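*Asks:* What follows is the file structure01.txt, containing compact mmCIF, C-alpha atoms:
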```txt
# COMPACT_ATOMS: atom_id res chain seq x y z
CA MET A 1 -24.06 52.28 69.55
CA ARG A 2 -21.60 51.06 66.89
CA ILE A 3 -24.40 50.59 64.35
CA VAL A 4 -26.59 53.55 65.34
CA PHE A 5 -24.46 56.24 63.66
CA PRO A 6 -24.27 54.49 60.25
CA ILE A 7 -28.05 53.97 60.33
CA LEU A 8 -28.69 57.63 61.17
CA PHE A 9 -26.24 58.67 58.44
CA VAL A 10 -28.16 56.66 55.86
CA LEU A 11 -31.53 57.96 56.99
CA PHE A 12 -30.36 61.58 57.03
CA PHE A 13 -28.35 61.78 53.83
CA PHE A 14 -30.06 59.19 51.66
CA GLY A 15 -33.65 59.93 52.52
CA GLN A 16 -35.44 60.70 49.27
CA ASN A 17 -36.61 64.27 48.74
CA ASP A 18 -37.75 66.40 45.85
CA ALA A 19 -34.28 66.79 44.37
CA GLN A 20 -32.36 63.70 45.40
CA SER A 21 -31.86 60.27 43.88
CA THR A 22 -29.58 57.44 44.99
CA ALA A 23 -26.72 55.64 43.25
CA TYR A 24 -25.62 52.11 44.14
CA VAL A 25 -22.06 51.14 43.20
CA LEU A 26 -20.66 47.61 43.14
CA GLN A 27 -16.87 47.91 43.01
CA GLY A 28 -13.70 45.92 43.46
CA GLY A 29 -10.10 45.87 42.44
CA LEU A 30 -6.45 45.80 43.43
CA THR A 31 -5.15 46.55 46.93
CA ILE A 32 -1.50 47.46 47.53
CA GLY A 33 -0.93 47.08 51.25
CA THR A 34 1.99 48.43 53.28
CA GLN A 35 2.61 48.34 57.01
CA LYS A 36 4.73 50.35 59.39
CA TRP A 37 6.40 47.90 61.80
CA ASP A 38 8.12 49.29 64.92
CA ASN A 39 8.43 52.77 63.36
CA SER A 40 10.13 51.33 60.28
CA PHE A 41 9.00 51.07 56.65
CA ASN A 42 11.21 48.10 55.75
CA ARG A 43 8.27 45.91 54.74
CA LYS A 44 7.48 44.91 51.16
CA PRO A 45 4.06 45.68 49.61
CA LEU A 46 1.29 43.10 49.77
CA LEU A 47 -0.74 42.69 46.56
CA ALA A 48 -4.33 41.70 47.40
CA TYR A 49 -7.92 42.61 46.51
CA HIS A 50 -11.04 44.30 47.85
CA GLY A 51 -14.76 44.53 47.12
CA ASP A 52 -17.37 47.09 48.24
CA ILE A 53 -20.96 48.19 48.08
CA VAL A 54 -21.41 51.97 47.97
CA ILE A 55 -24.59 53.99 48.53
CA GLU A 56 -24.36 57.58 47.32
CA SER A 57 -26.69 60.56 47.23
CA VAL A 58 -27.34 62.13 43.81
CA ASN A 59 -28.76 65.64 43.50
CA ASN A 60 -31.03 65.75 40.44
CA GLU A 61 -30.71 69.51 40.02
CA ASP A 62 -27.02 70.07 40.73
CA ASP A 63 -24.88 66.91 40.72
CA LYS A 64 -21.74 68.60 42.04
CA SER A 65 -21.43 67.01 45.49
CA ALA A 66 -22.55 63.85 47.22
CA PHE A 67 -22.47 61.97 50.51
CA PHE A 68 -21.66 58.29 50.47
CA MET A 69 -21.44 55.20 52.65
CA GLN A 70 -19.08 52.38 51.62
CA LEU A 71 -18.96 48.90 53.15
CA GLY A 72 -16.64 46.14 51.97
CA TYR A 73 -14.07 43.40 52.45
CA HIS A 74 -10.41 44.43 52.30
CA ILE A 75 -7.24 42.37 52.69
CA LYS A 76 -4.52 44.52 54.29
CA GLY A 77 -0.98 43.75 55.39
CA SER A 78 2.56 43.51 54.06
CA ALA A 79 5.02 40.95 52.76
CA ASN A 80 8.55 39.63 53.06
CA ARG A 81 10.46 38.54 49.98
CA PHE A 82 13.76 36.67 50.11
CA ARG A 83 16.02 35.60 47.25
CA TYR A 84 17.70 32.27 47.83
CA TYR A 85 20.52 30.38 46.13
CA ASN A 86 21.02 26.64 46.26
CA ILE A 87 24.67 25.71 45.65
CA ASN A 88 24.66 22.29 47.31
CA SER A 89 23.19 20.31 44.46
CA GLY A 90 24.77 19.40 41.18
CA PHE A 91 22.53 21.96 39.47
CA PRO A 92 22.68 25.29 41.34
CA SER A 93 19.32 27.07 41.47
CA SER A 94 17.85 30.27 42.80
CA GLY A 95 14.45 31.79 43.35
CA VAL A 96 12.34 34.15 45.44
CA PHE A 97 10.44 33.12 48.58
CA SER A 98 7.45 35.30 49.52
CA GLU A 99 5.74 35.50 52.89
CA ARG A 100 2.38 37.27 53.19
CA PHE A 101 1.14 38.92 56.40
CA GLU A 102 -2.63 39.21 55.83
CA PHE A 103 -5.29 40.97 57.89
CA ARG A 104 -8.77 40.39 56.46
CA ASN A 105 -10.87 43.39 57.37
CA ILE A 106 -14.40 44.72 56.99
CA SER A 107 -14.22 48.47 56.28
CA LEU A 108 -16.93 51.12 56.64
CA ILE A 109 -16.39 54.61 55.21
CA LEU A 110 -18.67 57.63 55.67
CA GLY A 111 -17.66 60.53 53.49
CA ALA A 112 -18.33 63.14 50.83
CA LYS A 113 -17.41 63.74 47.19
CA GLN A 114 -16.87 66.94 45.24
CA LYS A 115 -17.62 66.53 41.52
CA TYR A 116 -16.65 68.43 38.37
CA GLU A 117 -18.03 68.03 34.85
CA PHE A 118 -15.79 66.16 32.44
CA GLY A 119 -16.82 66.38 28.80
CA SER A 120 -20.35 66.64 27.48
CA ASN A 121 -21.70 63.12 28.07
CA GLY A 122 -22.54 63.44 31.77
CA ALA A 123 -19.15 62.27 33.03
CA HIS A 124 -17.57 63.72 36.17
CA TYR A 125 -14.20 63.59 37.81
CA TYR A 126 -14.25 63.89 41.58
CA PHE A 127 -12.34 64.01 44.85
CA LEU A 128 -13.45 62.26 48.03
CA ALA A 129 -12.66 62.21 51.72
CA GLY A 130 -14.13 60.28 54.60
CA LEU A 131 -13.77 58.73 58.03
CA ARG A 132 -13.21 54.97 58.15
CA GLY A 133 -13.61 52.17 60.68
CA ASP A 134 -12.20 48.64 60.24
CA TYR A 135 -12.89 45.33 61.96
CA THR A 136 -10.47 42.40 61.53
CA LEU A 137 -12.27 39.15 60.76
CA SER A 138 -9.17 36.93 60.60
CA THR A 139 -5.42 36.89 59.98
CA ASN A 140 -2.86 34.34 58.82
CA ILE A 141 0.03 35.37 61.10
CA GLY A 142 -0.44 32.36 63.39
CA ASP A 143 -0.11 29.97 60.43
CA LEU A 144 3.12 31.30 58.94
CA PRO A 145 5.87 28.64 58.91
CA GLY A 146 8.50 31.06 60.17
CA ALA A 147 6.47 31.82 63.30
CA LYS A 148 6.96 28.23 64.47
CA TYR A 149 10.77 28.31 64.15
CA ASN A 150 11.53 31.93 65.07
CA PRO A 151 8.55 33.25 67.08
CA ALA A 152 10.49 36.22 68.48
CA SER A 153 10.63 37.79 65.00
CA TYR A 154 6.93 37.35 64.22
CA PRO A 155 3.72 38.93 65.52
CA PHE A 156 1.57 36.92 67.94
CA PRO A 157 -2.12 36.35 67.13
CA GLY A 158 -2.95 37.63 70.63
CA GLY A 159 -1.56 41.07 69.78
CA VAL A 160 -3.96 41.69 66.88
CA ARG A 161 -6.36 44.59 67.44
CA HIS A 162 -9.74 43.96 65.88
CA TRP A 163 -11.02 47.57 65.76
CA MET A 164 -9.15 50.28 63.84
CA GLY A 165 -9.87 53.81 62.71
CA GLY A 166 -8.49 56.00 59.94
CA VAL A 167 -9.30 58.23 56.99
CA SER A 168 -9.80 57.67 53.27
CA ILE A 169 -8.97 60.12 50.49
CA GLY A 170 -8.91 59.79 46.73
CA GLY A 171 -10.35 60.67 43.40
CA GLY A 172 -11.79 59.16 40.29
CA LEU A 173 -13.99 59.34 37.24
CA GLU A 174 -17.71 58.64 36.80
CA PHE A 175 -19.10 57.96 33.32
CA ARG A 176 -22.42 56.89 31.83
CA PHE A 177 -23.41 53.94 29.69
CA THR A 178 -27.13 54.82 29.76
CA GLU A 179 -29.24 57.23 31.79
CA LEU A 180 -29.42 54.79 34.73
CA ILE A 181 -26.27 52.67 34.30
CA GLY A 182 -22.69 53.84 34.43
CA GLY A 183 -19.17 53.00 35.45
CA GLU A 184 -16.57 54.30 37.83
CA LEU A 185 -12.79 54.27 38.15
CA LYS A 186 -11.28 55.27 41.51
CA VAL A 187 -7.86 55.53 43.15
CA SER A 188 -7.86 55.93 46.93
CA LEU A 189 -5.48 55.96 49.89
CA HIS A 190 -6.44 54.55 53.31
CA PRO A 191 -4.03 55.27 56.20
CA ASP A 192 -4.92 54.01 59.69
CA PHE A 193 -4.59 56.29 62.71
CA THR A 194 -4.82 53.41 65.18
CA LEU A 195 -2.78 50.21 65.40
CA GLN A 196 -3.54 46.90 63.71
CA TYR A 197 -1.21 45.15 66.16
CA SER A 198 0.16 46.09 69.58
CA GLN A 199 2.39 43.94 71.78
CA ALA A 200 4.19 44.92 74.97
CA PRO A 201 7.75 43.67 75.62
CA VAL A 202 7.89 40.01 76.69
CA ASN A 203 10.61 39.26 79.25
CA ASN A 204 12.30 36.02 80.34
CA VAL A 205 11.67 34.07 77.15
CA ILE A 206 13.80 30.93 76.90
CA ASN A 207 16.52 31.38 74.29
CA PRO A 208 16.39 28.31 72.03
CA TYR A 209 19.77 29.17 70.45
CA GLY A 210 21.74 30.16 73.56
CA PRO A 211 23.27 28.36 76.52
CA PRO A 212 20.90 26.25 78.64
CA GLY A 213 18.82 28.41 80.94
CA SER A 214 19.51 31.67 79.08
CA THR A 215 16.63 34.01 78.29
CA ILE A 216 15.86 36.84 75.90
CA THR A 217 13.41 39.74 75.80
CA ILE A 218 11.03 40.05 72.85
CA PRO A 219 10.79 43.79 72.21
CA GLU A 220 7.61 45.81 71.90
CA ARG A 221 5.96 45.58 68.49
CA ARG A 222 3.47 47.99 66.89
CA ILE A 223 2.01 47.61 63.39
CA ARG A 224 -0.04 50.17 61.46
CA ASN A 225 -1.79 49.72 58.09
CA ASN A 226 -1.78 51.84 54.96
CA THR A 227 -3.32 50.80 51.64
CA LEU A 228 -3.55 52.12 48.10
CA GLU A 229 -6.58 50.83 46.19
CA ILE A 230 -7.51 50.90 42.51
CA SER A 231 -11.24 50.21 42.08
CA PHE A 232 -13.53 49.59 39.12
CA GLY A 233 -17.27 49.84 39.69
CA LEU A 234 -20.68 49.39 38.12
CA ARG A 235 -22.88 52.35 38.96
CA LEU A 236 -26.68 51.91 39.13
CA LEU A 237 -28.89 54.98 39.52
CA HIS A 238 -32.24 54.87 41.32
CA LYS A 239 -33.75 58.08 40.01
CA VAL A 240 -36.52 59.85 41.87
CA GLU A 241 -38.76 62.24 39.94
CA ILE A 242 -41.59 64.25 41.46
CA VAL A 243 -44.58 64.69 39.15
CA GLU A 244 -46.94 67.47 40.12
```
How does this structure look as structure tokens?
*Replies:*
Amino acid sequence: MRIVFPILFVLFFFGQNDAQSTAYVLQGGLTIGTQKWDNSFNRKPLLAYHGDIVIESVNNEDDKSAFFMQLGYHIKGSANRFRYYNINSGFPSSGVFSERFEFRNISLILGAKQKYEFGSNGAHYYFLAGLRGDYTLSTNIGDLPGAKYNPASYPFPGGVRHWMGGVSIGGGLEFRFTELIGGELKVSLHPDFTLQYSQAPVNNVINPYGPPGSTITIPERRIRNNTLEISFGLRLLHKVEIVE
């Protein structure tokens, strides 16, 4: 059932008719990921990347709206950054240590665009909105050095949720190089409604820093994704013309 709806969407909205062509967009760019941990926004942004293939309907008679399906690879997450100072050596030094929490996701978006003419060369600016589903392929949280020395402060790989849902909104600019080839610039925001990570409280954990036999409780942890993406795309038009 998970693949039936996308297939029906493609067949319904992208089926060729007398007035509809199809655009194929290859896009990629910068991802700025943030995460809400335990109802707090004290995480630093994660700078990463994404890449997508987009299929979009194009109305030959009135190119003012479109339906689209977008499928791609997106690295989401957050980061920690610490400034350190070394005063023990003969030459004091300082620097910044960065720690990346990465969740490598496949994202599928089904949505619509509203377009407006921009200039006289066939360019449009547009706004978009859609429903999105994500699946987590892998994560690096089990490999972080800090997780080995202070596991109570880090997420556990077993708490990662592989299926997420959310929305996508944004806007951008379409422009033409030739009749069938163009470009696209897009800025979009992708908040998740569901959790990327969920962990119940863990009781009776041995306290490695306390008296022998003492225990601690690892509190509940919940993590939710939000990303801002800047995308550049190559737009290829498959134009359908009916000759009578």
*Asks:* Using atom CA of Gln199 of chain A and atom CA of Val167 of chain A as the two end points, give the distance in Å to one decimal.
*Replies:* 23.7 Å
*Asks:* If we count only C-alpha atoms, what is near segment 233-240 of chain A at a cut-off of 7 Å, once residues fewer than 2 positions away on the same chain are taken out, given as a tab-separated table (two decimals) with C-alpha atoms, in the coordinates of the input?
*Replies:*
```tsv
chain	number	residue	atom	x	y	z
A	20	GLN	CA	-32.36	63.70	45.40
A	21	SER	CA	-31.86	60.27	43.88
A	22	THR	CA	-29.58	57.44	44.99
A	23	ALA	CA	-26.72	55.64	43.25
A	24	TYR	CA	-25.62	52.11	44.14
A	25	VAL	CA	-22.06	51.14	43.20
A	26	LEU	CA	-20.66	47.61	43.14
A	27	GLN	CA	-16.87	47.91	43.01
A	28	GLY	CA	-13.70	45.92	43.46
A	180	LEU	CA	-29.42	54.79	34.73
A	181	ILE	CA	-26.27	52.67	34.30
A	182	GLY	CA	-22.69	53.84	34.43
A	183	GLY	CA	-19.17	53.00	35.45
A	184	GLU	CA	-16.57	54.30	37.83
A	185	LEU	CA	-12.79	54.27	38.15
A	231	SER	CA	-11.24	50.21	42.08
A	242	ILE	CA	-41.59	64.25	41.46
```
*Asks:* Using all atoms listed in the file, list the residues that have an atom at most 10 Å from (-7.2, 45.5, 66.8), coordinates as in the file, as a PyMOL selection string.
*Replies:* chain A and resi 134-136+158-165+194-198
*Asks:* Can you write out the residues you just picked, keeping C-alpha atoms, as a short mmCIF file (atom, residue, chain, number, x, y, z; two decimals), in the frame of the given file?
*Replies:*
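Written output follows (part-v1.cif):
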```
data_model
loop_
_atom_site.label_atom_id
_atom_site.label_comp_id
_atom_site.auth_asym_id
_atom_site.auth_seq_id
_atom_site.Cartn_x
_atom_site.Cartn_y
_atom_site.Cartn_z
CA ASP A 134 -12.20 48.64 60.24
CA TYR A 135 -12.89 45.33 61.96
CA THR A 136 -10.47 42.40 61.53
CA GLY A 158 -2.95 37.63 70.63
CA GLY A 159 -1.56 41.07 69.78
CA VAL A 160 -3.96 41.69 66.88
CA ARG A 161 -6.36 44.59 67.44
CA HIS A 162 -9.74 43.96 65.88
CA TRP A 163 -11.02 47.57 65.76
CA MET A 164 -9.15 50.28 63.84
CA GLY A 165 -9.87 53.81 62.71
CA THR A 194 -4.82 53.41 65.18
CA LEU A 195 -2.78 50.21 65.40
CA GLN A 196 -3.54 46.90 63.71
CA TYR A 197 -1.21 45.15 66.16
CA SER A 198 0.16 46.09 69.58
#
```
*Asks:* Could you check which of A:Ser214, A:Ser138, A:Gln114, A:Thr227 is closest to Gly171 of chain A, using all atoms listed in the file?
*Replies:* A:Gln114
*Asks:* May I ask which of the residues A:Ser107, A:Asn42, A:Thr217, A:Thr178 is the closest one to Lys76 of chain A, counting only C-alpha atoms?
*Replies:*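 Of the candidates, the smallest distance to Lys76 of chain A is held by A:Ser107.
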*Asks:* Return the single residue from A:Ala147, A:Val58, A:Ala152, A:Ile169 that is closest to Gly111 of chain A, with distances computed using all atoms listed in the file.
*Replies:* A:Ile169
*Asks:* Identify, on the basis of only C-alpha atoms, every residue whose closest approach to Asn207 of chain A does not exceed 12 Å; exclude the query and any residue fewer than 4 positions from it along the same chain; express the result as a list in words.
*Replies:*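 Near Asn207 of chain A, the qualifying residues are Asn150, Pro151, Ala152, Asn203, Pro211, Pro212, Gly213, Ser214, Thr215, Ile216, Thr217 and Ile218 of chain A.
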*Asks:* Since we have the selection now, will you write its residues out, keeping C-alpha atoms, as a short mmCIF file (atom, residue, chain, number, x, y, z; two decimals), in the frame of the given file?
*Replies:*
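Listing of result_36.cif after writing:
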```
data_model
loop_
_atom_site.label_atom_id
_atom_site.label_comp_id
_atom_site.auth_asym_id
_atom_site.auth_seq_id
_atom_site.Cartn_x
_atom_site.Cartn_y
_atom_site.Cartn_z
CA ASN A 150 11.53 31.93 65.07
CA PRO A 151 8.55 33.25 67.08
CA ALA A 152 10.49 36.22 68.48
CA ASN A 203 10.61 39.26 79.25
CA PRO A 211 23.27 28.36 76.52
CA PRO A 212 20.90 26.25 78.64
CA GLY A 213 18.82 28.41 80.94
CA SER A 214 19.51 31.67 79.08
CA THR A 215 16.63 34.01 78.29
CA ILE A 216 15.86 36.84 75.90
CA THR A 217 13.41 39.74 75.80
CA ILE A 218 11.03 40.05 72.85
#
```
*Asks:* Which one is closest to Arg132 of chain A: A:Val187, A:Ile230, A:Leu71, A:Ala79? Count only C-alpha atoms.
*Replies:*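 When distances to Arg132 of chain A are compared using only C-alpha atoms, the smallest one comes from A:Leu71.
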*Asks:* Which of these residues is nearest to Phe103 of chain A, using all atoms listed in the file: A:Ser65, A:Asn80, A:Asn60, A:Asn225?
*Replies:*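 Of the candidates, the smallest distance to Phe103 of chain A is held by A:Asn225.
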*Asks:* What does the distance between atom CA of Tyr73 of chain A and atom CA of Ser168 of chain A come to in Å, to one decimal place?
*Replies:*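 Here the two named atoms are 14.9 Å from each other.
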*Asks:* What would the list of residues within 9 Å of (-11.6, 58.1, 46.9) (file frame) look like as a ChimeraX atom specification, if all atoms listed in the file are what count?
*Replies:* /A:113,126-130,168-172,186-190,229
